[in-house]
$ cat work_13.cif   # mmCIF, C-alpha atoms
data_model
loop_
_atom_site.group_PDB
_atom_site.id
_atom_site.type_symbol
_atom_site.label_atom_id
_atom_site.label_comp_id
_atom_site.auth_asym_id
_atom_site.auth_seq_id
_atom_site.Cartn_x
_atom_site.Cartn_y
_atom_site.Cartn_z
ATOM 1 C CA MET A 23 -51.476 -30.933 -78.471
ATOM 2 C CA THR A 24 -51.919 -27.772 -80.509
ATOM 3 C CA ALA A 25 -49.441 -26.753 -83.204
ATOM 4 C CA ALA A 26 -48.657 -23.125 -84.024
ATOM 5 C CA PHE A 27 -47.069 -23.116 -87.471
ATOM 6 C CA VAL A 28 -44.366 -20.632 -88.466
ATOM 7 C CA GLU A 29 -45.043 -19.019 -91.858
ATOM 8 C CA ASN A 30 -43.335 -20.472 -94.918
ATOM 9 C CA GLY A 31 -40.212 -18.994 -96.483
ATOM 10 C CA GLN A 32 -37.673 -18.795 -93.698
ATOM 11 C CA ALA A 33 -36.279 -22.322 -94.014
ATOM 12 C CA SER A 34 -34.607 -21.963 -97.403
ATOM 13 C CA ASP A 35 -31.913 -19.495 -96.279
ATOM 14 C CA GLY A 36 -30.423 -21.790 -93.647
ATOM 15 C CA ARG A 37 -31.580 -19.666 -90.718
ATOM 16 C CA ALA A 38 -34.673 -21.631 -89.806
ATOM 17 C CA TRP A 39 -33.472 -22.462 -86.290
ATOM 18 C CA ASP A 40 -32.557 -18.842 -85.509
ATOM 19 C CA TYR A 41 -35.969 -17.714 -86.729
ATOM 20 C CA LEU A 42 -37.803 -20.346 -84.720
ATOM 21 C CA LEU A 43 -35.775 -19.650 -81.579
ATOM 22 C CA GLN A 44 -36.380 -15.897 -81.817
ATOM 23 C CA THR A 45 -40.105 -16.536 -82.297
ATOM 24 C CA TRP A 46 -40.084 -18.924 -79.336
ATOM 25 C CA ARG A 47 -38.391 -16.294 -77.140
ATOM 26 C CA GLU A 48 -41.039 -13.710 -78.002
ATOM 27 C CA LEU A 49 -44.124 -15.892 -77.626
ATOM 28 C CA ASP A 50 -46.684 -14.805 -75.053
ATOM 29 C CA VAL A 51 -47.604 -18.312 -73.908
ATOM 30 C CA PRO A 52 -50.769 -18.635 -71.769
ATOM 31 C CA GLU A 53 -50.111 -19.514 -68.137
ATOM 32 C CA GLY A 54 -49.613 -23.253 -67.663
ATOM 33 C CA TRP A 55 -48.914 -23.896 -71.357
ATOM 34 C CA ARG A 56 -45.514 -24.803 -72.816
ATOM 35 C CA ALA A 57 -44.043 -23.944 -76.203
ATOM 36 C CA GLU A 58 -41.720 -26.435 -77.923
ATOM 37 C CA ILE A 59 -39.966 -26.569 -81.304
ATOM 38 C CA ASP A 60 -40.382 -29.791 -83.246
ATOM 39 C CA GLU A 61 -40.334 -30.680 -86.952
ATOM 40 C CA GLY A 62 -39.723 -27.066 -87.960
ATOM 41 C CA GLN A 63 -42.706 -25.650 -86.135
ATOM 42 C CA ILE A 64 -43.629 -24.257 -82.743
ATOM 43 C CA VAL A 65 -45.983 -26.476 -80.787
ATOM 44 C CA LEU A 66 -48.096 -25.298 -77.855
ATOM 45 C CA VAL A 67 -48.681 -27.935 -75.182
ATOM 46 C CA PRO A 68 -51.754 -27.353 -72.959
ATOM 47 C CA PRO A 69 -51.711 -27.562 -69.150
ATOM 48 C CA PRO A 70 -51.695 -31.170 -67.895
ATOM 49 C CA HIS A 71 -54.168 -33.010 -65.666
ATOM 50 C CA ALA A 72 -53.784 -32.693 -61.886
ATOM 51 C CA HIS A 73 -52.619 -36.351 -61.689
ATOM 52 C CA HIS A 74 -49.807 -35.471 -64.090
ATOM 53 C CA ASN A 75 -48.620 -32.710 -61.777
ATOM 54 C CA GLY A 76 -49.014 -34.989 -58.770
ATOM 55 C CA ILE A 77 -46.737 -37.607 -60.334
ATOM 56 C CA ALA A 78 -44.129 -34.942 -61.101
ATOM 57 C CA GLU A 79 -44.207 -33.860 -57.456
ATOM 58 C CA VAL A 80 -43.676 -37.430 -56.231
ATOM 59 C CA VAL A 81 -40.750 -37.985 -58.617
ATOM 60 C CA GLN A 82 -39.140 -34.681 -57.718
ATOM 61 C CA SER A 83 -39.491 -35.365 -53.988
ATOM 62 C CA ARG A 84 -37.861 -38.788 -54.348
ATOM 63 C CA LEU A 85 -35.013 -37.520 -56.498
ATOM 64 C CA TYR A 86 -34.184 -34.832 -53.960
ATOM 65 C CA ARG A 87 -33.421 -37.565 -51.416
ATOM 66 C CA GLY A 88 -30.418 -38.722 -53.443
ATOM 67 C CA LEU A 89 -29.535 -35.549 -55.317
ATOM 68 C CA PRO A 90 -25.781 -34.907 -55.356
ATOM 69 C CA GLU A 91 -24.550 -31.473 -54.388
ATOM 70 C CA GLY A 92 -24.321 -29.112 -57.329
ATOM 71 C CA LEU A 93 -27.345 -30.513 -59.178
ATOM 72 C CA GLY A 94 -30.828 -29.039 -59.375
ATOM 73 C CA ILE A 95 -34.243 -30.339 -60.467
ATOM 74 C CA TYR A 96 -36.099 -27.963 -62.772
ATOM 75 C CA GLN A 97 -39.631 -27.772 -64.146
ATOM 76 C CA THR A 98 -40.583 -26.021 -67.399
ATOM 77 C CA LEU A 99 -36.931 -25.646 -68.420
ATOM 78 C CA GLY A 100 -36.419 -25.581 -72.179
ATOM 79 C CA VAL A 101 -33.719 -27.887 -73.516
ATOM 80 C CA HIS A 102 -32.195 -27.729 -77.008
ATOM 81 C CA ILE A 103 -31.518 -30.991 -78.833
ATOM 82 C CA ALA A 104 -28.778 -29.592 -81.053
ATOM 83 C CA PRO A 105 -28.284 -32.607 -83.389
ATOM 84 C CA LEU A 106 -31.955 -32.431 -84.412
ATOM 85 C CA GLY A 107 -32.812 -28.742 -84.147
ATOM 86 C CA LYS A 108 -35.516 -29.390 -81.561
ATOM 87 C CA LEU A 109 -36.488 -27.668 -78.329
ATOM 88 C CA TYR A 110 -38.483 -29.515 -75.688
ATOM 89 C CA VAL A 111 -39.744 -28.506 -72.253
ATOM 90 C CA PRO A 112 -39.663 -31.719 -70.168
ATOM 91 C CA ASP A 113 -41.691 -32.185 -67.023
ATOM 92 C CA LEU A 114 -38.479 -32.412 -65.003
ATOM 93 C CA VAL A 115 -34.800 -31.913 -65.856
ATOM 94 C CA VAL A 116 -31.803 -32.576 -63.614
ATOM 95 C CA MET A 117 -29.037 -30.157 -64.529
ATOM 96 C CA PRO A 118 -25.904 -28.688 -62.912
ATOM 97 C CA ARG A 119 -26.942 -25.609 -60.957
ATOM 98 C CA VAL A 120 -23.977 -23.620 -62.229
ATOM 99 C CA LEU A 121 -25.384 -23.749 -65.766
ATOM 100 C CA ILE A 122 -28.631 -22.213 -64.573
ATOM 101 C CA SER A 123 -26.925 -19.507 -62.514
ATOM 102 C CA ASP A 124 -24.585 -18.652 -65.413
ATOM 103 C CA ALA A 125 -27.401 -18.336 -67.968
ATOM 104 C CA ASP A 126 -27.760 -14.956 -69.674
ATOM 105 C CA PRO A 127 -30.358 -12.970 -67.664
ATOM 106 C CA GLU A 128 -31.292 -10.946 -70.762
ATOM 107 C CA THR A 129 -32.526 -13.906 -72.816
ATOM 108 C CA SER A 130 -34.694 -16.972 -72.309
ATOM 109 C CA ASP A 131 -32.531 -19.322 -74.345
ATOM 110 C CA PRO A 132 -32.922 -23.061 -73.735
ATOM 111 C CA MET A 133 -30.235 -25.128 -72.064
ATOM 112 C CA ASP A 134 -28.227 -27.700 -74.011
ATOM 113 C CA ALA A 135 -29.915 -31.084 -73.477
ATOM 114 C CA SER A 136 -26.507 -32.781 -73.526
ATOM 115 C CA GLU A 137 -25.793 -31.163 -70.141
ATOM 116 C CA ALA A 138 -28.776 -32.860 -68.471
ATOM 117 C CA LEU A 139 -28.215 -35.899 -66.274
ATOM 118 C CA LEU A 140 -31.860 -36.976 -66.262
ATOM 119 C CA VAL A 141 -34.955 -35.974 -68.198
ATOM 120 C CA VAL A 142 -38.468 -36.936 -67.064
ATOM 121 C CA GLU A 143 -41.532 -36.964 -69.301
ATOM 122 C CA ILE A 144 -45.003 -37.835 -68.004
ATOM 123 C CA THR A 145 -47.444 -38.665 -70.757
ATOM 124 C CA SER A 146 -50.753 -36.964 -71.297
ATOM 125 C CA ARG A 147 -53.395 -38.575 -73.465
ATOM 126 C CA GLY A 148 -52.659 -36.234 -76.350
ATOM 127 C CA ASN A 149 -48.863 -36.505 -76.398
ATOM 128 C CA ALA A 150 -48.061 -40.048 -75.252
ATOM 129 C CA ARG A 151 -46.911 -41.133 -78.715
ATOM 130 C CA GLU A 152 -44.445 -38.236 -78.976
ATOM 131 C CA ASP A 153 -42.955 -39.000 -75.551
ATOM 132 C CA ARG A 154 -42.512 -42.686 -76.482
ATOM 133 C CA THR A 155 -40.989 -42.080 -79.916
ATOM 134 C CA LYS A 156 -39.800 -38.593 -80.907
ATOM 135 C CA LYS A 157 -38.613 -37.525 -77.483
ATOM 136 C CA TYR A 158 -37.100 -40.934 -76.722
ATOM 137 C CA ARG A 159 -34.978 -40.671 -79.883
ATOM 138 C CA ALA A 160 -34.174 -37.007 -79.353
ATOM 139 C CA TYR A 161 -32.911 -37.406 -75.794
ATOM 140 C CA ALA A 162 -30.809 -40.395 -76.836
ATOM 141 C CA ARG A 163 -29.308 -38.432 -79.758
ATOM 142 C CA ALA A 164 -28.517 -35.575 -77.373
ATOM 143 C CA GLY A 165 -26.662 -37.995 -75.101
ATOM 144 C CA VAL A 166 -28.955 -37.586 -72.073
ATOM 145 C CA PRO A 167 -27.719 -40.400 -69.753
ATOM 146 C CA MET A 168 -31.156 -41.215 -68.301
ATOM 147 C CA TYR A 169 -34.645 -40.762 -69.727
ATOM 148 C CA LEU A 170 -37.496 -41.548 -67.343
ATOM 149 C CA LEU A 171 -40.805 -42.064 -69.151
ATOM 150 C CA ILE A 172 -43.883 -42.273 -66.949
ATOM 151 C CA ASP A 173 -46.639 -43.504 -69.239
ATOM 152 C CA ARG A 174 -50.133 -43.573 -67.781
ATOM 153 C CA PHE A 175 -51.552 -44.622 -71.150
ATOM 154 C CA ASP A 176 -49.316 -47.580 -72.022
ATOM 155 C CA THR A 177 -51.349 -50.367 -73.652
ATOM 156 C CA ARG A 178 -49.949 -52.770 -71.019
ATOM 157 C CA GLY A 179 -51.274 -50.549 -68.253
ATOM 158 C CA PRO A 180 -49.570 -47.580 -66.563
ATOM 159 C CA MET A 181 -45.782 -48.041 -66.672
ATOM 160 C CA ALA A 182 -42.645 -46.281 -65.486
ATOM 161 C CA THR A 183 -39.618 -46.916 -67.709
ATOM 162 C CA LEU A 184 -36.033 -45.786 -67.197
ATOM 163 C CA PHE A 185 -33.864 -45.735 -70.327
ATOM 164 C CA THR A 186 -30.095 -45.554 -69.827
ATOM 165 C CA GLU A 187 -26.880 -45.670 -71.903
ATOM 166 C CA PRO A 188 -27.789 -43.594 -74.977
ATOM 167 C CA ASN A 189 -26.576 -44.474 -78.463
ATOM 168 C CA GLU A 190 -25.793 -41.982 -81.226
ATOM 169 C CA ASP A 191 -28.385 -43.710 -83.410
ATOM 170 C CA GLY A 192 -31.193 -42.422 -81.171
ATOM 171 C CA THR A 193 -31.776 -45.468 -78.978
ATOM 172 C CA TYR A 194 -30.917 -46.485 -75.424
ATOM 173 C CA LYS A 195 -29.026 -49.695 -74.690
ATOM 174 C CA HIS A 196 -30.774 -50.475 -71.414
ATOM 175 C CA THR A 197 -34.457 -50.385 -70.468
ATOM 176 C CA ASP A 198 -35.935 -50.976 -67.017
ATOM 177 C CA ALA A 199 -39.758 -50.940 -66.990
ATOM 178 C CA VAL A 200 -42.140 -51.533 -64.085
ATOM 179 C CA PRO A 201 -45.925 -51.286 -63.785
ATOM 180 C CA PHE A 202 -47.370 -48.703 -61.437
ATOM 181 C CA GLY A 203 -47.245 -50.140 -57.934
ATOM 182 C CA LYS A 204 -43.734 -51.593 -58.277
ATOM 183 C CA PRO A 205 -40.540 -49.738 -57.265
ATOM 184 C CA LEU A 206 -38.122 -48.481 -59.913
ATOM 185 C CA THR A 207 -34.459 -47.926 -59.064
ATOM 186 C CA VAL A 208 -32.835 -44.761 -60.377
ATOM 187 C CA PRO A 209 -29.091 -45.545 -60.309
ATOM 188 C CA SER A 210 -25.993 -43.456 -59.585
ATOM 189 C CA PRO A 211 -25.591 -40.584 -59.081
ATOM 190 C CA PHE A 212 -29.079 -40.625 -57.532
ATOM 191 C CA ASP A 213 -29.320 -44.128 -56.037
ATOM 192 C CA VAL A 214 -32.978 -43.795 -55.062
ATOM 193 C CA GLN A 215 -36.037 -45.981 -55.405
ATOM 194 C CA LEU A 216 -38.995 -44.432 -57.139
ATOM 195 C CA LEU A 217 -42.121 -45.733 -55.403
ATOM 196 C CA THR A 218 -44.704 -45.728 -58.156
ATOM 197 C CA GLU A 219 -47.335 -46.833 -55.652
ATOM 198 C CA GLU A 220 -47.300 -43.216 -54.488
ATOM 199 C CA PHE A 221 -48.405 -41.925 -57.890
ATOM 200 C CA PRO A 222 -51.873 -40.318 -57.795
ATOM 201 C CA GLY A 223 -54.537 -41.782 -60.017
ATOM 202 C CA ARG A 224 -52.933 -45.190 -60.449
ATOM 203 C CA PRO A 225 -55.291 -48.169 -60.768
ATOM 204 C CA PRO A 226 -56.078 -49.975 -57.513
ATOM 205 C CA ALA A 227 -53.955 -53.059 -56.751
#

$ encode --input "work_13.cif" --output "structure tokens"
Amino acid sequence: MTAAFVENGQASDGRAWDYLLQTWRELDVPEGWRAEIDEGQIVLVPPPHAHHNGIAEVVQSRLYRGLPEGLGIYQTLGVHIAPLGKLYVPDLVVMPRVLISDADPETSDPMDASEALLVVEITSRGNAREDRTKKYRAYARAGVPMYLLIDRFDTRGPMATLFTEPNEDGTYKHTDAVPFGKPLTVPSPFDVQLLTEEFPGRPPA
């Protein structure tokens, strides 16, 4: 992960978020990279490994099987965690389609994370810690009902974990974790089984 720092001086006048957001809007990000706002700075995230993209495709395909009408699954969609002044670009976000269609065509503002039904993050070697800690807490604080963390670098071996029932303190009440190779149920409104055995690059059984 590569951090692009914003110059000092703008935070003291209370307009730090506006400054960061305007800078984020105007960034010319290289193709395949993502720009996020975290800890008062803009962070550039490099393109992921092919296995990472393959896992995202499997998850998206499965979710579509149980996707209720009116919802969409989006890649590279920026979401704003308002309580913390952060902006992340998850691997997948499930969001009401009407919010996307009603977005201002003249700006590239992020969507409010509190409107998401499900956020999916797939770890890369360089950002696994952030996905397990910072983003876990941020999505819980934003009230995202479900956070699916697919962690290829878990010390226990590759794991898929679904966190549900967010708390205002930045934790989730319920955790359902399975190793790669075991199915993981994604509950209502999706009601689908995620077959982690289909993930590319998983260790042989």

$ resolve_selection --input "work_13.cif" --expression "the PyMOL selection byres ((chain A and resi 197) around 12)" --output "JSON list (two decimals) with C-alpha atoms, in the frame of the given file"
[["chain", "number", "residue", "atom", "x", "y", "z"],
["A", 158, "TYR", "CA", -37.10, -40.93, -76.72],
["A", 168, "MET", "CA", -31.16, -41.22, -68.30],
["A", 169, "TYR", "CA", -34.65, -40.76, -69.73],
["A", 170, "LEU", "CA", -37.50, -41.55, -67.34],
["A", 171, "LEU", "CA", -40.80, -42.06, -69.15],
["A", 182, "ALA", "CA", -42.64, -46.28, -65.49],
["A", 183, "THR", "CA", -39.62, -46.92, -67.71],
["A", 184, "LEU", "CA", -36.03, -45.79, -67.20],
["A", 185, "PHE", "CA", -33.86, -45.74, -70.33],
["A", 186, "THR", "CA", -30.10, -45.55, -69.83],
["A", 187, "GLU", "CA", -26.88, -45.67, -71.90],
["A", 188, "PRO", "CA", -27.79, -43.59, -74.98],
["A", 193, "THR", "CA", -31.78, -45.47, -78.98],
["A", 194, "TYR", "CA", -30.92, -46.48, -75.42],
["A", 195, "LYS", "CA", -29.03, -49.70, -74.69],
["A", 196, "HIS", "CA", -30.77, -50.48, -71.41],
["A", 198, "ASP", "CA", -35.94, -50.98, -67.02],
["A", 199, "ALA", "CA", -39.76, -50.94, -66.99],
["A", 200, "VAL", "CA", -42.14, -51.53, -64.08],
["A", 206, "LEU", "CA", -38.12, -48.48, -59.91],
["A", 207, "THR", "CA", -34.46, -47.93, -59.06],
["A", 208, "VAL", "CA", -32.84, -44.76, -60.38]]

$ closest_residue --input "work_13.cif" --among "A:Leu217, A:Met181, A:Leu106, A:Leu93" --to "Trp39 (chain A)" --atoms "all atoms listed in the file"
A:Leu106

$ closest_residue --input "work_13.cif" --among "A:Thr45, A:Thr218, A:Gln82, A:Thr155" --to "Asp131 (chain A)" --atoms "only C-alpha atoms"
A:Thr45

$ closest_residue --input "work_13.cif" --among "A:Thr145, A:Phe221, A:Gly107, A:Leu89" --to "Asp40 (chain A)" --atoms "only C-alpha atoms"
A:Gly107

$ atom_distance --input "work_13.cif" --atom1 "CA of Gly192 (chain A)" --atom2 "CA of Ala162 (chain A)"
4.8 Å

$ resolve_selection --input "work_13.cif" --expression "the PyMOL selection byres ((chain A and resi 138-140) around 6)" --output "PyMOL selection string"
chain A and resi 115-117+135-137+141+166-169

$ write_last_selection --input "work_13.cif" --atoms "C-alpha atoms" --output "PDB file, keeping the file's coordinate frame"
ATOM      1  CA  VAL A 115     -34.800 -31.913 -65.856  1.00  0.00           C
ATOM      2  CA  VAL A 116     -31.803 -32.576 -63.614  1.00  0.00           C
ATOM      3  CA  MET A 117     -29.037 -30.157 -64.529  1.00  0.00           C
ATOM      4  CA  ALA A 135     -29.915 -31.084 -73.477  1.00  0.00           C
ATOM      5  CA  SER A 136     -26.507 -32.781 -73.526  1.00  0.00           C
ATOM      6  CA  GLU A 137     -25.793 -31.163 -70.141  1.00  0.00           C
ATOM      7  CA  VAL A 141     -34.955 -35.974 -68.198  1.00  0.00           C
ATOM      8  CA  VAL A 166     -28.955 -37.586 -72.073  1.00  0.00           C
ATOM      9  CA  PRO A 167     -27.719 -40.400 -69.753  1.00  0.00           C
ATOM     10  CA  MET A 168     -31.156 -41.215 -68.301  1.00  0.00           C
ATOM     11  CA  TYR A 169     -34.645 -40.762 -69.727  1.00  0.00           C
TER      12      TYR A 169
END

$ resolve_selection --input "work_13.cif" --expression "the PyMOL selection byres ((chain A and resi 81) around 9)" --output "ChimeraX atom specification"
/A:76-80,82-86,114,142,216-218,221

$ write_last_selection --input "work_13.cif" --atoms "C-alpha atoms" --output "mmCIF file, in the coordinates of the input"
data_model
loop_
_atom_site.group_PDB
_atom_site.id
_atom_site.type_symbol
_atom_site.label_atom_id
_atom_site.label_comp_id
_atom_site.auth_asym_id
_atom_site.auth_seq_id
_atom_site.Cartn_x
_atom_site.Cartn_y
_atom_site.Cartn_z
ATOM 1 C CA GLY A 76 -49.014 -34.989 -58.770
ATOM 2 C CA ILE A 77 -46.737 -37.607 -60.334
ATOM 3 C CA ALA A 78 -44.129 -34.942 -61.101
ATOM 4 C CA GLU A 79 -44.207 -33.860 -57.456
ATOM 5 C CA VAL A 80 -43.676 -37.430 -56.231
ATOM 6 C CA GLN A 82 -39.140 -34.681 -57.718
ATOM 7 C CA SER A 83 -39.491 -35.365 -53.988
ATOM 8 C CA ARG A 84 -37.861 -38.788 -54.348
ATOM 9 C CA LEU A 85 -35.013 -37.520 -56.498
ATOM 10 C CA TYR A 86 -34.184 -34.832 -53.960
ATOM 11 C CA LEU A 114 -38.479 -32.412 -65.003
ATOM 12 C CA VAL A 142 -38.468 -36.936 -67.064
ATOM 13 C CA LEU A 216 -38.995 -44.432 -57.139
ATOM 14 C CA LEU A 217 -42.121 -45.733 -55.403
ATOM 15 C CA THR A 218 -44.704 -45.728 -58.156
ATOM 16 C CA PHE A 221 -48.405 -41.925 -57.890
#

$ residues_around --input "work_13.cif" --residues "Gly88 (chain A)" --least-positions-apart "5" --cutoff "7 Å" --atoms "only C-alpha atoms" --output "list in words"
Phe212, Asp213 and Val214 of chain A

$ atom_distance --input "work_13.cif" --atom1 "CA of Ala104 (chain A)" --atom2 "CA of Arg37 (chain A)"
14.1 Å

$ atom_distance --input "work_13.cif" --atom1 "CA of Asn189 (chain A)" --atom2 "CA of Tyr96 (chain A)"
24.7 Å

$ closest_residue --input "work_13.cif" --among "A:Ile144, A:Val65, A:Ala125, A:Ala72" --to "Leu109 (chain A)" --atoms "all atoms listed in the file"
A:Val65

$ closest_residue --input "work_13.cif" --among "A:Leu99, A:Ala57, A:Val111, A:Val67" --to "Arg147 (chain A)" --atoms "all atoms listed in the file"
A:Val67

$ closest_residue --input "work_13.cif" --among "A:His102, A:Arg163, A:Arg154, A:Arg119" --to "Asp134 (chain A)" --atoms "only C-alpha atoms"
A:His102

$ build_atoms --input "work_13.cif" --residues "region 215-224 of chain A" --atoms "all heavy atoms" --output "mmCIF file, in the frame of the given file"
data_model
loop_
_atom_site.group_PDB
_atom_site.id
_atom_site.type_symbol
_atom_site.label_atom_id
_atom_site.label_comp_id
_atom_site.auth_asym_id
_atom_site.auth_seq_id
_atom_site.Cartn_x
_atom_site.Cartn_y
_atom_site.Cartn_z
ATOM 1 N N GLN A 215 -34.940 -45.166 -54.901
ATOM 2 C CA GLN A 215 -36.037 -45.981 -55.405
ATOM 3 C C GLN A 215 -37.250 -45.098 -55.608
ATOM 4 O O GLN A 215 -37.665 -44.359 -54.703
ATOM 5 C CB GLN A 215 -36.370 -47.118 -54.439
ATOM 6 C CG GLN A 215 -35.540 -48.362 -54.651
ATOM 7 C CD GLN A 215 -36.284 -49.612 -54.222
ATOM 8 O OE1 GLN A 215 -37.079 -49.597 -53.292
ATOM 9 N NE2 GLN A 215 -36.020 -50.715 -54.894
ATOM 10 N N LEU A 216 -37.789 -45.161 -56.820
ATOM 11 C CA LEU A 216 -38.995 -44.432 -57.139
ATOM 12 C C LEU A 216 -40.185 -45.332 -56.801
ATOM 13 O O LEU A 216 -40.346 -46.403 -57.399
ATOM 14 C CB LEU A 216 -38.990 -44.070 -58.624
ATOM 15 C CG LEU A 216 -40.067 -43.137 -59.132
ATOM 16 C CD1 LEU A 216 -39.986 -41.790 -58.451
ATOM 17 C CD2 LEU A 216 -39.940 -42.991 -60.637
ATOM 18 N N LEU A 217 -40.988 -44.916 -55.844
ATOM 19 C CA LEU A 217 -42.121 -45.733 -55.403
ATOM 20 C C LEU A 217 -43.356 -45.340 -56.202
ATOM 21 O O LEU A 217 -44.067 -44.395 -55.871
ATOM 22 C CB LEU A 217 -42.353 -45.545 -53.899
ATOM 23 C CG LEU A 217 -41.153 -45.868 -53.004
ATOM 24 C CD1 LEU A 217 -41.513 -45.680 -51.532
ATOM 25 C CD2 LEU A 217 -40.663 -47.302 -53.258
ATOM 26 N N THR A 218 -43.595 -46.081 -57.273
ATOM 27 C CA THR A 218 -44.704 -45.728 -58.156
ATOM 28 C C THR A 218 -46.062 -45.951 -57.490
ATOM 29 O O THR A 218 -47.065 -45.426 -57.977
ATOM 30 C CB THR A 218 -44.636 -46.533 -59.463
ATOM 31 O OG1 THR A 218 -44.844 -47.922 -59.185
ATOM 32 C CG2 THR A 218 -43.283 -46.362 -60.139
ATOM 33 N N GLU A 219 -46.083 -46.669 -56.386
ATOM 34 C CA GLU A 219 -47.335 -46.833 -55.652
ATOM 35 C C GLU A 219 -47.818 -45.503 -55.076
ATOM 36 O O GLU A 219 -49.009 -45.363 -54.729
ATOM 37 C CB GLU A 219 -47.154 -47.845 -54.523
ATOM 38 C CG GLU A 219 -46.181 -47.401 -53.444
ATOM 39 C CD GLU A 219 -45.870 -48.481 -52.432
ATOM 40 O OE1 GLU A 219 -46.005 -49.679 -52.766
ATOM 41 O OE2 GLU A 219 -45.491 -48.125 -51.305
ATOM 42 N N GLU A 220 -46.928 -44.534 -55.004
ATOM 43 C CA GLU A 220 -47.300 -43.216 -54.488
ATOM 44 C C GLU A 220 -47.905 -42.312 -55.567
ATOM 45 O O GLU A 220 -48.390 -41.220 -55.246
ATOM 46 C CB GLU A 220 -46.066 -42.520 -53.899
ATOM 47 C CG GLU A 220 -45.457 -43.250 -52.719
ATOM 48 C CD GLU A 220 -44.194 -42.564 -52.201
ATOM 49 O OE1 GLU A 220 -43.676 -41.657 -52.889
ATOM 50 O OE2 GLU A 220 -43.736 -42.938 -51.110
ATOM 51 N N PHE A 221 -47.892 -42.759 -56.820
ATOM 52 C CA PHE A 221 -48.405 -41.925 -57.890
ATOM 53 C C PHE A 221 -49.918 -41.749 -57.763
ATOM 54 O O PHE A 221 -50.644 -42.725 -57.589
ATOM 55 C CB PHE A 221 -48.111 -42.541 -59.256
ATOM 56 C CG PHE A 221 -46.658 -42.502 -59.657
ATOM 57 C CD1 PHE A 221 -46.227 -43.205 -60.768
ATOM 58 C CD2 PHE A 221 -45.727 -41.772 -58.933
ATOM 59 C CE1 PHE A 221 -44.899 -43.175 -61.152
ATOM 60 C CE2 PHE A 221 -44.394 -41.730 -59.300
ATOM 61 C CZ PHE A 221 -43.981 -42.433 -60.412
ATOM 62 N N PRO A 222 -50.422 -40.525 -57.841
ATOM 63 C CA PRO A 222 -51.873 -40.318 -57.795
ATOM 64 C C PRO A 222 -52.529 -40.846 -59.047
ATOM 65 O O PRO A 222 -51.967 -40.817 -60.141
ATOM 66 C CB PRO A 222 -51.995 -38.795 -57.694
ATOM 67 C CG PRO A 222 -50.748 -38.277 -58.307
ATOM 68 C CD PRO A 222 -49.669 -39.270 -57.980
ATOM 69 N N GLY A 223 -53.748 -41.338 -58.881
ATOM 70 C CA GLY A 223 -54.537 -41.782 -60.017
ATOM 71 C C GLY A 223 -54.188 -43.134 -60.566
ATOM 72 O O GLY A 223 -54.749 -43.555 -61.575
ATOM 73 N N ARG A 224 -53.270 -43.866 -59.920
ATOM 74 C CA ARG A 224 -52.933 -45.190 -60.449
ATOM 75 C C ARG A 224 -54.066 -46.160 -60.149
ATOM 76 O O ARG A 224 -54.813 -45.993 -59.175
ATOM 77 C CB ARG A 224 -51.632 -45.701 -59.832
ATOM 78 C CG ARG A 224 -51.726 -46.166 -58.402
ATOM 79 C CD ARG A 224 -50.380 -46.719 -57.900
ATOM 80 N NE ARG A 224 -50.473 -47.323 -56.594
ATOM 81 C CZ ARG A 224 -50.804 -48.580 -56.388
ATOM 82 N NH1 ARG A 224 -51.080 -49.370 -57.394
ATOM 83 N NH2 ARG A 224 -50.864 -49.073 -55.157
#
